[in-house]
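Student: First, the structure itself, so that you have it in front of you.
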Amino acid sequence: MRRPARISPRQIVLVAAKELRERIRDFWVLAVALVFAAFALLIAYFGAAQQGAIGFRGIEVTIASLTSLVIYLIPVIVLLLGYDAVAGERERGSLDLLLSLPLTRFELLLGKFLGLAAALAVSTLAGFGLAGAAIAHQADAAALYHYARFVLSALAMGMAFLSMAVMVSVMAADRARASGAAIALWFFFVLVFDLGLLGVLVFTGGRVGGDVLPYLLLANPADVFRILNVFGMEGVKTLYGLATVVPPALADPWVLGAAMLAWIVAPLAIATWRFK
Amino acid sequence: MSSSVIELRGVGKRFGEVCAVEDASLAIARGEIFGLIGHNGAGKTTLFRLMLGLAPPTAGTIEIQGKRVDGAAFREVRRQIGYLPENVVLWDNLTGLETLRFFAGLKGADRAQCDELLDRVGLRAAAQRKVHGYSKGMRQRLGLAQALLGRPALLFLDEPTAGLDPQSRREFYVLLAELRGRGVTMMLTSHVLAEMQERVDRLAIMRNGRIAAVGTLAGLRDGIDLRLRADIRVRPGAAPTVQSALAAAGFPPAEPQDGAVRIVCLRREKMALLGALAPLMADLEDVQLREPSLEDIFLGHAASEPPRVQP
């Protein structure tokens, strides 16, 4: 019987460090951090411009606007970051070289994921952190807590999409197919999913699955992120009108946190299984 | 216990309906330099991948250093293996030194070796440059340096001289000779058969996924009815005499060109040809016999199903 190879944390760290170094070198980390910082500052100071007000108007409005933006932005950035993690190495011929070393497929995959996740974490924390520092003197402790929660949940959503990107990268035959699948995932989760649920509700007049459909929001990490941020603050909840659609049981941060964790782990587990 | 470092028994690999490797059996001894040749798609790279445990065989077993390549114990054996894949593209954003250090870390090799190896492959001056700016030859040399990390006992080199200029190619073969002196077992493929024939101890010819023949160069030559060419330089005016004497001995020569009579005959007829030339010494200036090259042997095996040659 074949014995499974022991997992070496050292090998995982080496691969992760190489991935992070590459993303720093190609200015991905810097570029994404600047984009996040710029959007966060613009929204914080000019988010209420349409109402004739300029300047920081409060954390709730800022988070509401940022949530809408980040739901579109982070998945696409992250899917583009991760789609060639394995497919690219395979196409370049370096995958065989790496696997000829004392490095298991699981160590390689986890190292790649953690390295890319670290790149995402550095850029997210630096970008939104910079914006947070700029508005800190105008916000109280509760507001800063909400903002920190928003940043961490954005990071968790990014990791969920990164996990999907790595899964696609393992399963696709080449980079072109992997990029196509990554874009399709973004399209489905960010644009189509909610519209589909809404369509079912509208066309059936709420008669079909009206009680179940809200729970299906957990089947989309972007929606988990949205609920997590919207339900944390009364003002934002009203702004979104979600209180009428989402049952209170869904608003439990532990339930949402567990759902997000499942979204990070499950695609990675599938990727590990398929990579064998 | 087997004395072979690499041992394949009845190895096969199928991809659906396609049979990439079929019933391959080989035993490679410690310190041997073994060549693997074949047309594109003959199964050489697949066999390399199977031997490195990168893909599981669908039939047979492979052992390296006495350990099955699909077993957990093979992880330790990997530290003693160096591999240079064909056309590998390393990471553009890392420098040459960073690339080597990354591989050294994964292999558990001494990082101090990186500088030494960069020097050995002529990349010391480019060590701090990003790989993005490297030429194809420089990338190949960097690939070779990573294969040599950890002073491997076994080297798998897939087209190691591809992209190298003549000077670098010569340096590579000097390095190969050094490694041979250290007792390193090497398995290599190359399309430059002329280079290979002078450097390998034994070789295998692959055809349509099968090992069509395996043996020493001399053994492979003897195993197939190949022709040799004799260029006989004759004294002025002696060509007709030499021609008629050779024709009488059963060696009809081609028309003389530039004062030379050319004969093409089977290798087994070589001694008879020399016997026919012996009485004509006074009419001859020089005789050059051209034995079949590895290319001739390869083409001979590729053209027909030859008898299997034993080592």
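Residues are referred to by chain and number: the chain letter is A, B, ... according to the order shown in the structure tokens, the number counts from 1 in that chain, and ligands are numbered separately from 1 in the order shown.
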Hey, list the chain A side of the contact with chain B: 12 Å cut-off, only C-alpha atoms, answer as a ChimeraX atom specification.

Tutor: /A:1-28,88-105,107-108,111,275-276

Student: Just the strand (DSSP E or B) stuff from region 24-218 of chain B, please, per backbone DSSP, written as a PDB file with N, CA, C and O atoms, in the first residue's frame.

Tutor:
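In the end it all went to selection22.pdb:
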ATOM      1  N   ALA B  24       8.565  -1.069 -21.936  1.00  0.00           N
ATOM      2  CA  ALA B  24       9.961  -0.602 -21.896  1.00  0.00           C
ATOM      3  C   ALA B  24      10.686  -1.234 -20.711  1.00  0.00           C
ATOM      4  O   ALA B  24      10.227  -1.129 -19.576  1.00  0.00           O
ATOM      5  N   SER B  25      11.786  -1.894 -20.990  1.00  0.00           N
ATOM      6  CA  SER B  25      12.615  -2.472 -19.931  1.00  0.00           C
ATOM      7  C   SER B  25      14.051  -2.007 -20.127  1.00  0.00           C
ATOM      8  O   SER B  25      14.589  -2.115 -21.227  1.00  0.00           O
ATOM      9  N   LEU B  26      14.630  -1.484 -19.066  1.00  0.00           N
ATOM     10  CA  LEU B  26      16.008  -0.970 -19.134  1.00  0.00           C
ATOM     11  C   LEU B  26      16.669  -1.182 -17.778  1.00  0.00           C
ATOM     12  O   LEU B  26      15.999  -1.158 -16.751  1.00  0.00           O
ATOM     13  N   ALA B  27      17.962  -1.359 -17.798  1.00  0.00           N
ATOM     14  CA  ALA B  27      18.719  -1.392 -16.544  1.00  0.00           C
ATOM     15  C   ALA B  27      19.966  -0.553 -16.770  1.00  0.00           C
ATOM     16  O   ALA B  27      20.757  -0.846 -17.662  1.00  0.00           O
ATOM     17  N   ILE B  28      20.096   0.506 -15.990  1.00  0.00           N
ATOM     18  CA  ILE B  28      21.216   1.430 -16.177  1.00  0.00           C
ATOM     19  C   ILE B  28      22.113   1.381 -14.953  1.00  0.00           C
ATOM     20  O   ILE B  28      21.649   1.521 -13.813  1.00  0.00           O
ATOM     21  N   ALA B  29      23.403   1.138 -15.217  1.00  0.00           N
ATOM     22  CA  ALA B  29      24.355   0.923 -14.119  1.00  0.00           C
ATOM     23  C   ALA B  29      24.870   2.244 -13.567  1.00  0.00           C
ATOM     24  O   ALA B  29      24.818   3.281 -14.241  1.00  0.00           O
ATOM     25  N   ILE B  33      26.706   6.588 -18.742  1.00  0.00           N
ATOM     26  CA  ILE B  33      26.064   7.674 -19.493  1.00  0.00           C
ATOM     27  C   ILE B  33      25.211   7.007 -20.556  1.00  0.00           C
ATOM     28  O   ILE B  33      25.713   6.289 -21.419  1.00  0.00           O
ATOM     29  N   PHE B  34      23.925   7.233 -20.447  1.00  0.00           N
ATOM     30  CA  PHE B  34      22.979   6.506 -21.289  1.00  0.00           C
ATOM     31  C   PHE B  34      22.212   7.500 -22.155  1.00  0.00           C
ATOM     32  O   PHE B  34      21.674   8.484 -21.661  1.00  0.00           O
ATOM     33  N   GLY B  35      22.189   7.246 -23.433  1.00  0.00           N
ATOM     34  CA  GLY B  35      21.481   8.128 -24.371  1.00  0.00           C
ATOM     35  C   GLY B  35      20.156   7.537 -24.788  1.00  0.00           C
ATOM     36  O   GLY B  35      20.023   6.315 -24.904  1.00  0.00           O
ATOM     37  N   LEU B  36      19.207   8.415 -24.986  1.00  0.00           N
ATOM     38  CA  LEU B  36      17.883   7.982 -25.434  1.00  0.00           C
ATOM     39  C   LEU B  36      17.581   8.779 -26.698  1.00  0.00           C
ATOM     40  O   LEU B  36      17.545  10.019 -26.651  1.00  0.00           O
ATOM     41  N   ILE B  37      17.428   8.073 -27.820  1.00  0.00           N
ATOM     42  CA  ILE B  37      17.171   8.813 -29.064  1.00  0.00           C
ATOM     43  C   ILE B  37      15.896   8.289 -29.724  1.00  0.00           C
ATOM     44  O   ILE B  37      15.453   7.173 -29.463  1.00  0.00           O
ATOM     45  N   GLY B  38      15.355   9.119 -30.570  1.00  0.00           N
ATOM     46  CA  GLY B  38      14.122   8.752 -31.265  1.00  0.00           C
ATOM     47  C   GLY B  38      13.544   9.975 -31.937  1.00  0.00           C
ATOM     48  O   GLY B  38      13.916  11.107 -31.617  1.00  0.00           O
ATOM     49  N   ALA B  59       1.541   0.474 -16.796  1.00  0.00           N
ATOM     50  CA  ALA B  59       1.992  -0.922 -16.677  1.00  0.00           C
ATOM     51  C   ALA B  59       3.445  -0.928 -16.227  1.00  0.00           C
ATOM     52  O   ALA B  59       4.194   0.015 -16.496  1.00  0.00           O
ATOM     53  N   GLY B  60       3.841  -1.988 -15.520  1.00  0.00           N
ATOM     54  CA  GLY B  60       5.245  -2.169 -15.148  1.00  0.00           C
ATOM     55  C   GLY B  60       5.671  -1.371 -13.927  1.00  0.00           C
ATOM     56  O   GLY B  60       4.865  -0.678 -13.305  1.00  0.00           O
ATOM     57  N   THR B  61       6.949  -1.511 -13.593  1.00  0.00           N
ATOM     58  CA  THR B  61       7.482  -0.813 -12.418  1.00  0.00           C
ATOM     59  C   THR B  61       8.788  -0.098 -12.778  1.00  0.00           C
ATOM     60  O   THR B  61       9.521  -0.532 -13.668  1.00  0.00           O
ATOM     61  N   ILE B  62       9.052   0.980 -12.055  1.00  0.00           N
ATOM     62  CA  ILE B  62      10.300   1.730 -12.235  1.00  0.00           C
ATOM     63  C   ILE B  62      10.933   1.918 -10.861  1.00  0.00           C
ATOM     64  O   ILE B  62      10.259   2.359  -9.920  1.00  0.00           O
ATOM     65  N   GLU B  63      12.206   1.580 -10.761  1.00  0.00           N
ATOM     66  CA  GLU B  63      12.937   1.800  -9.504  1.00  0.00           C
ATOM     67  C   GLU B  63      14.179   2.630  -9.796  1.00  0.00           C
ATOM     68  O   GLU B  63      14.877   2.388 -10.783  1.00  0.00           O
ATOM     69  N   ILE B  64      14.405   3.602  -8.932  1.00  0.00           N
ATOM     70  CA  ILE B  64      15.634   4.392  -9.010  1.00  0.00           C
ATOM     71  C   ILE B  64      16.311   4.293  -7.653  1.00  0.00           C
ATOM     72  O   ILE B  64      15.649   4.489  -6.624  1.00  0.00           O
ATOM     73  N   LYS B  67      14.447   2.337  -5.114  1.00  0.00           N
ATOM     74  CA  LYS B  67      13.152   2.803  -4.589  1.00  0.00           C
ATOM     75  C   LYS B  67      12.179   3.003  -5.743  1.00  0.00           C
ATOM     76  O   LYS B  67      12.531   3.585  -6.768  1.00  0.00           O
ATOM     77  N   ARG B  68      10.961   2.535  -5.533  1.00  0.00           N
ATOM     78  CA  ARG B  68       9.935   2.728  -6.556  1.00  0.00           C
ATOM     79  C   ARG B  68       9.613   4.213  -6.687  1.00  0.00           C
ATOM     80  O   ARG B  68       9.453   4.903  -5.676  1.00  0.00           O
ATOM     81  N   ILE B  81      18.739  13.603  -7.434  1.00  0.00           N
ATOM     82  CA  ILE B  81      18.470  13.652  -8.867  1.00  0.00           C
ATOM     83  C   ILE B  81      18.522  15.091  -9.365  1.00  0.00           C
ATOM     84  O   ILE B  81      17.990  15.997  -8.731  1.00  0.00           O
ATOM     85  N   GLY B  82      19.157  15.280 -10.515  1.00  0.00           N
ATOM     86  CA  GLY B  82      19.127  16.579 -11.187  1.00  0.00           C
ATOM     87  C   GLY B  82      18.366  16.405 -12.488  1.00  0.00           C
ATOM     88  O   GLY B  82      18.531  15.392 -13.165  1.00  0.00           O
ATOM     89  N   TYR B  83      17.520  17.359 -12.820  1.00  0.00           N
ATOM     90  CA  TYR B  83      16.702  17.228 -14.024  1.00  0.00           C
ATOM     91  C   TYR B  83      16.711  18.532 -14.801  1.00  0.00           C
ATOM     92  O   TYR B  83      16.470  19.596 -14.235  1.00  0.00           O
ATOM     93  N   LEU B  84      16.998  18.426 -16.062  1.00  0.00           N
ATOM     94  CA  LEU B  84      16.896  19.584 -16.953  1.00  0.00           C
ATOM     95  C   LEU B  84      15.868  19.244 -18.026  1.00  0.00           C
ATOM     96  O   LEU B  84      16.139  18.449 -18.925  1.00  0.00           O
ATOM     97  N   THR B  95      16.014  36.939 -10.334  1.00  0.00           N
ATOM     98  CA  THR B  95      17.364  36.980 -10.896  1.00  0.00           C
ATOM     99  C   THR B  95      17.891  35.537 -10.996  1.00  0.00           C
ATOM    100  O   THR B  95      17.306  34.618 -10.403  1.00  0.00           O
ATOM    101  N   LYS B 130      17.772  39.976 -13.884  1.00  0.00           N
ATOM    102  CA  LYS B 130      16.529  39.200 -13.960  1.00  0.00           C
ATOM    103  C   LYS B 130      16.610  38.238 -15.140  1.00  0.00           C
ATOM    104  O   LYS B 130      17.169  38.580 -16.198  1.00  0.00           O
ATOM    105  N   LEU B 154      22.523  11.355  -9.947  1.00  0.00           N
ATOM    106  CA  LEU B 154      21.812  10.974 -11.174  1.00  0.00           C
ATOM    107  C   LEU B 154      21.356  12.228 -11.908  1.00  0.00           C
ATOM    108  O   LEU B 154      20.785  13.130 -11.292  1.00  0.00           O
ATOM    109  N   LEU B 155      21.610  12.260 -13.188  1.00  0.00           N
ATOM    110  CA  LEU B 155      21.186  13.428 -13.959  1.00  0.00           C
ATOM    111  C   LEU B 155      20.311  12.996 -15.124  1.00  0.00           C
ATOM    112  O   LEU B 155      20.666  12.090 -15.866  1.00  0.00           O
ATOM    113  N   PHE B 156      19.174  13.671 -15.269  1.00  0.00           N
ATOM    114  CA  PHE B 156      18.307  13.452 -16.419  1.00  0.00           C
ATOM    115  C   PHE B 156      18.350  14.737 -17.248  1.00  0.00           C
ATOM    116  O   PHE B 156      17.887  15.776 -16.786  1.00  0.00           O
ATOM    117  N   LEU B 157      18.920  14.658 -18.418  1.00  0.00           N
ATOM    118  CA  LEU B 157      19.094  15.858 -19.233  1.00  0.00           C
ATOM    119  C   LEU B 157      18.353  15.687 -20.560  1.00  0.00           C
ATOM    120  O   LEU B 157      18.736  14.863 -21.387  1.00  0.00           O
ATOM    121  N   ASP B 158      17.291  16.459 -20.726  1.00  0.00           N
ATOM    122  CA  ASP B 158      16.471  16.360 -21.928  1.00  0.00           C
ATOM    123  C   ASP B 158      16.908  17.475 -22.883  1.00  0.00           C
ATOM    124  O   ASP B 158      16.659  18.647 -22.616  1.00  0.00           O
ATOM    125  N   THR B 185      25.692   9.147 -12.695  1.00  0.00           N
ATOM    126  CA  THR B 185      24.940   8.418 -13.723  1.00  0.00           C
ATOM    127  C   THR B 185      24.128   9.444 -14.509  1.00  0.00           C
ATOM    128  O   THR B 185      23.486  10.303 -13.904  1.00  0.00           O
ATOM    129  N   MET B 186      24.192   9.342 -15.825  1.00  0.00           N
ATOM    130  CA  MET B 186      23.486  10.347 -16.625  1.00  0.00           C
ATOM    131  C   MET B 186      22.625   9.708 -17.699  1.00  0.00           C
ATOM    132  O   MET B 186      23.031   8.732 -18.315  1.00  0.00           O
ATOM    133  N   MET B 187      21.483  10.290 -17.872  1.00  0.00           N
ATOM    134  CA  MET B 187      20.575   9.839 -18.919  1.00  0.00           C
ATOM    135  C   MET B 187      20.271  11.074 -19.753  1.00  0.00           C
ATOM    136  O   MET B 187      19.831  12.090 -19.223  1.00  0.00           O
ATOM    137  N   LEU B 188      20.555  11.019 -21.042  1.00  0.00           N
ATOM    138  CA  LEU B 188      20.299  12.209 -21.834  1.00  0.00           C
ATOM    139  C   LEU B 188      19.678  11.923 -23.181  1.00  0.00           C
ATOM    140  O   LEU B 188      19.837  10.832 -23.723  1.00  0.00           O
ATOM    141  N   THR B 189      18.934  12.916 -23.651  1.00  0.00           N
ATOM    142  CA  THR B 189      18.395  12.834 -25.003  1.00  0.00           C
ATOM    143  C   THR B 189      19.004  13.980 -25.791  1.00  0.00           C
ATOM    144  O   THR B 189      19.380  15.007 -25.223  1.00  0.00           O
ATOM    145  N   ARG B 202      26.094   3.701 -23.544  1.00  0.00           N
ATOM    146  CA  ARG B 202      25.077   2.882 -24.225  1.00  0.00           C
ATOM    147  C   ARG B 202      23.941   3.793 -24.617  1.00  0.00           C
ATOM    148  O   ARG B 202      23.795   4.905 -24.094  1.00  0.00           O
ATOM    149  N   LEU B 203      23.117   3.302 -25.485  1.00  0.00           N
ATOM    150  CA  LEU B 203      21.938   4.090 -25.833  1.00  0.00           C
ATOM    151  C   LEU B 203      20.774   3.205 -26.244  1.00  0.00           C
ATOM    152  O   LEU B 203      20.957   2.032 -26.571  1.00  0.00           O
ATOM    153  N   ALA B 204      19.607   3.813 -26.180  1.00  0.00           N
ATOM    154  CA  ALA B 204      18.393   3.115 -26.603  1.00  0.00           C
ATOM    155  C   ALA B 204      17.743   3.927 -27.716  1.00  0.00           C
ATOM    156  O   ALA B 204      17.747   5.158 -27.669  1.00  0.00           O
ATOM    157  N   ILE B 205      17.232   3.207 -28.697  1.00  0.00           N
ATOM    158  CA  ILE B 205      16.516   3.878 -29.781  1.00  0.00           C
ATOM    159  C   ILE B 205      15.028   3.633 -29.573  1.00  0.00           C
ATOM    160  O   ILE B 205      14.599   2.478 -29.455  1.00  0.00           O
ATOM    161  N   MET B 206      14.284   4.701 -29.490  1.00  0.00           N
ATOM    162  CA  MET B 206      12.832   4.559 -29.285  1.00  0.00           C
ATOM    163  C   MET B 206      12.096   4.795 -30.592  1.00  0.00           C
ATOM    164  O   MET B 206      12.454   5.683 -31.377  1.00  0.00           O
ATOM    165  N   ARG B 207      11.092   3.967 -30.801  1.00  0.00           N
ATOM    166  CA  ARG B 207      10.281   4.112 -32.017  1.00  0.00           C
ATOM    167  C   ARG B 207       8.834   3.783 -31.664  1.00  0.00           C
ATOM    168  O   ARG B 207       8.559   2.722 -31.113  1.00  0.00           O
ATOM    169  N   ARG B 210       8.097   2.300 -28.294  1.00  0.00           N
ATOM    170  CA  ARG B 210       8.812   1.075 -27.907  1.00  0.00           C
ATOM    171  C   ARG B 210      10.309   1.305 -27.950  1.00  0.00           C
ATOM    172  O   ARG B 210      10.796   2.119 -28.745  1.00  0.00           O
ATOM    173  N   ILE B 211      11.042   0.577 -27.127  1.00  0.00           N
ATOM    174  CA  ILE B 211      12.496   0.616 -27.230  1.00  0.00           C
ATOM    175  C   ILE B 211      12.864  -0.369 -28.337  1.00  0.00           C
ATOM    176  O   ILE B 211      12.796  -1.578 -28.169  1.00  0.00           O
ATOM    177  N   ALA B 212      13.228   0.198 -29.491  1.00  0.00           N
ATOM    178  CA  ALA B 212      13.487  -0.635 -30.669  1.00  0.00           C
ATOM    179  C   ALA B 212      14.821  -1.359 -30.531  1.00  0.00           C
ATOM    180  O   ALA B 212      14.984  -2.475 -31.031  1.00  0.00           O
ATOM    181  N   ALA B 213      15.775  -0.733 -29.882  1.00  0.00           N
ATOM    182  CA  ALA B 213      17.085  -1.360 -29.699  1.00  0.00           C
ATOM    183  C   ALA B 213      17.796  -0.687 -28.547  1.00  0.00           C
ATOM    184  O   ALA B 213      17.583   0.497 -28.292  1.00  0.00           O
ATOM    185  N   VAL B 214      18.630  -1.466 -27.858  1.00  0.00           N
ATOM    186  CA  VAL B 214      19.425  -0.882 -26.779  1.00  0.00           C
ATOM    187  C   VAL B 214      20.782  -1.578 -26.762  1.00  0.00           C
ATOM    188  O   VAL B 214      20.868  -2.793 -26.953  1.00  0.00           O
ATOM    189  N   GLY B 215      21.828  -0.804 -26.594  1.00  0.00           N
ATOM    190  CA  GLY B 215      23.157  -1.404 -26.556  1.00  0.00           C
ATOM    191  C   GLY B 215      24.243  -0.360 -26.715  1.00  0.00           C
ATOM    192  O   GLY B 215      23.970   0.845 -26.724  1.00  0.00           O
TER     193      GLY B 215
END

Student: Have a look at CA of Leu213 (chain A) and CA of Phe161 (chain A) and let me know their distance in Å, one decimal.

Tutor: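 Separating CA of Leu213 (chain A) from CA of Phe161 (chain A) is a distance of 22.0 Å.
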
Student: Which polymer residues have any atom within 10 Å of an atom of Leu193 (chain B), counting only C-alpha atoms, with same-chain residues fewer than 2 positions away left out, as a VMD selection string?

Tutor: chain B and resid 35 37 189 to 191 195 to 198 293 to 296 298

Student: Hey, can you spit out that residue selection with N, CA, C and O atoms as a short mmCIF file (atom, residue, chain, number, x, y, z; two decimals), in the first residue's frame?

Tutor:
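Okay, out-v8.cif is ready:
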data_model
loop_
_atom_site.label_atom_id
_atom_site.label_comp_id
_atom_site.auth_asym_id
_atom_site.auth_seq_id
_atom_site.Cartn_x
_atom_site.Cartn_y
_atom_site.Cartn_z
N GLY B 35 22.19 7.25 -23.43
CA GLY B 35 21.48 8.13 -24.37
C GLY B 35 20.16 7.54 -24.79
O GLY B 35 20.02 6.32 -24.90
N ILE B 37 17.43 8.07 -27.82
CA ILE B 37 17.17 8.81 -29.06
C ILE B 37 15.90 8.29 -29.72
O ILE B 37 15.45 7.17 -29.46
N THR B 189 18.93 12.92 -23.65
CA THR B 189 18.40 12.83 -25.00
C THR B 189 19.00 13.98 -25.79
O THR B 189 19.38 15.01 -25.22
N SER B 190 19.11 13.80 -27.08
CA SER B 190 19.59 14.88 -27.93
C SER B 190 19.22 14.56 -29.37
O SER B 190 19.14 13.40 -29.75
N HIS B 191 18.99 15.62 -30.12
CA HIS B 191 18.78 15.43 -31.55
C HIS B 191 20.10 15.54 -32.31
O HIS B 191 20.17 15.24 -33.49
N GLU B 195 27.06 14.43 -31.72
CA GLU B 195 27.66 14.76 -30.42
C GLU B 195 27.47 13.61 -29.44
O GLU B 195 28.34 13.30 -28.63
N MET B 196 26.32 13.00 -29.54
CA MET B 196 25.97 11.97 -28.56
C MET B 196 26.81 10.71 -28.73
O MET B 196 27.19 10.07 -27.75
N GLN B 197 27.09 10.36 -29.97
CA GLN B 197 27.75 9.07 -30.21
C GLN B 197 29.14 9.00 -29.58
O GLN B 197 29.62 7.93 -29.26
N GLU B 198 29.74 10.16 -29.37
CA GLU B 198 31.08 10.15 -28.77
C GLU B 198 31.03 10.14 -27.26
O GLU B 198 32.06 9.98 -26.61
N SER B 293 27.46 6.11 -38.88
CA SER B 293 27.37 6.98 -37.71
C SER B 293 26.14 6.59 -36.90
O SER B 293 25.31 5.77 -37.34
N LEU B 294 26.00 7.25 -35.74
CA LEU B 294 24.81 7.00 -34.94
C LEU B 294 23.56 7.37 -35.72
O LEU B 294 22.51 6.74 -35.62
N GLU B 295 23.72 8.42 -36.54
CA GLU B 295 22.58 8.85 -37.35
C GLU B 295 22.18 7.75 -38.33
O GLU B 295 20.99 7.47 -38.51
N ASP B 296 23.20 7.11 -38.95
CA ASP B 296 22.91 6.00 -39.88
C ASP B 296 22.21 4.86 -39.13
O ASP B 296 21.27 4.25 -39.63
N PHE B 298 20.54 5.06 -36.35
CA PHE B 298 19.20 5.50 -35.96
C PHE B 298 18.23 5.41 -37.14
O PHE B 298 17.13 4.86 -37.02
#

Student: If DSSP is run on the backbone, what residues of region 82-310 of chain B are helix (DSSP H, G or I)? A reply as a PyMOL selection string would be ideal.

Tutor: chain B and resi 96-107+112-120+124-126+131-133+136-147+166-181+193-197+217-222+239-248+267-283+294-303

Student: Set the distance at 10 Å and use only C-alpha atoms: which residues neighbour Ala176 (chain A) once local chain neighbours fewer than 4 positions away are removed? I'd like the list as a PDB file with N, CA, C and O atoms, in the first residue's frame.

Tutor:
ATOM      1  N   TYR A  83      -5.306  32.547 -12.054  1.00  0.00           N
ATOM      2  CA  TYR A  83      -5.709  31.567 -13.071  1.00  0.00           C
ATOM      3  C   TYR A  83      -4.534  30.803 -13.675  1.00  0.00           C
ATOM      4  O   TYR A  83      -4.688  29.684 -14.139  1.00  0.00           O
ATOM      5  N   ASP A  84      -3.340  31.425 -13.677  1.00  0.00           N
ATOM      6  CA  ASP A  84      -2.219  30.697 -14.304  1.00  0.00           C
ATOM      7  C   ASP A  84      -1.243  30.115 -13.274  1.00  0.00           C
ATOM      8  O   ASP A  84      -0.134  29.712 -13.623  1.00  0.00           O
ATOM      9  N   ALA A  87      -1.559  26.332 -14.386  1.00  0.00           N
ATOM     10  CA  ALA A  87      -1.599  26.222 -15.857  1.00  0.00           C
ATOM     11  C   ALA A  87      -0.376  26.904 -16.484  1.00  0.00           C
ATOM     12  O   ALA A  87       0.186  26.400 -17.459  1.00  0.00           O
ATOM     13  N   GLY A  88       0.035  28.026 -15.898  1.00  0.00           N
ATOM     14  CA  GLY A  88       1.197  28.757 -16.424  1.00  0.00           C
ATOM     15  C   GLY A  88       2.479  27.957 -16.254  1.00  0.00           C
ATOM     16  O   GLY A  88       3.290  27.869 -17.169  1.00  0.00           O
ATOM     17  N   ALA A 172      -7.752  23.318 -15.882  1.00  0.00           N
ATOM     18  CA  ALA A 172      -7.691  23.728 -17.293  1.00  0.00           C
ATOM     19  C   ALA A 172      -6.469  23.116 -17.974  1.00  0.00           C
ATOM     20  O   ALA A 172      -5.427  22.938 -17.354  1.00  0.00           O
ATOM     21  N   GLY A 180     -10.241  31.860 -19.650  1.00  0.00           N
ATOM     22  CA  GLY A 180     -11.647  31.860 -20.053  1.00  0.00           C
ATOM     23  C   GLY A 180     -12.539  31.398 -18.920  1.00  0.00           C
ATOM     24  O   GLY A 180     -13.574  32.014 -18.628  1.00  0.00           O
ATOM     25  N   ALA A 181     -12.129  30.351 -18.236  1.00  0.00           N
ATOM     26  CA  ALA A 181     -12.920  29.825 -17.118  1.00  0.00           C
ATOM     27  C   ALA A 181     -12.963  30.833 -15.971  1.00  0.00           C
ATOM     28  O   ALA A 181     -14.000  30.982 -15.303  1.00  0.00           O
ATOM     29  N   ALA A 182     -11.847  31.530 -15.745  1.00  0.00           N
ATOM     30  CA  ALA A 182     -11.799  32.520 -14.660  1.00  0.00           C
ATOM     31  C   ALA A 182     -12.772  33.661 -14.941  1.00  0.00           C
ATOM     32  O   ALA A 182     -13.509  34.107 -14.044  1.00  0.00           O
TER      33      ALA A 182
END
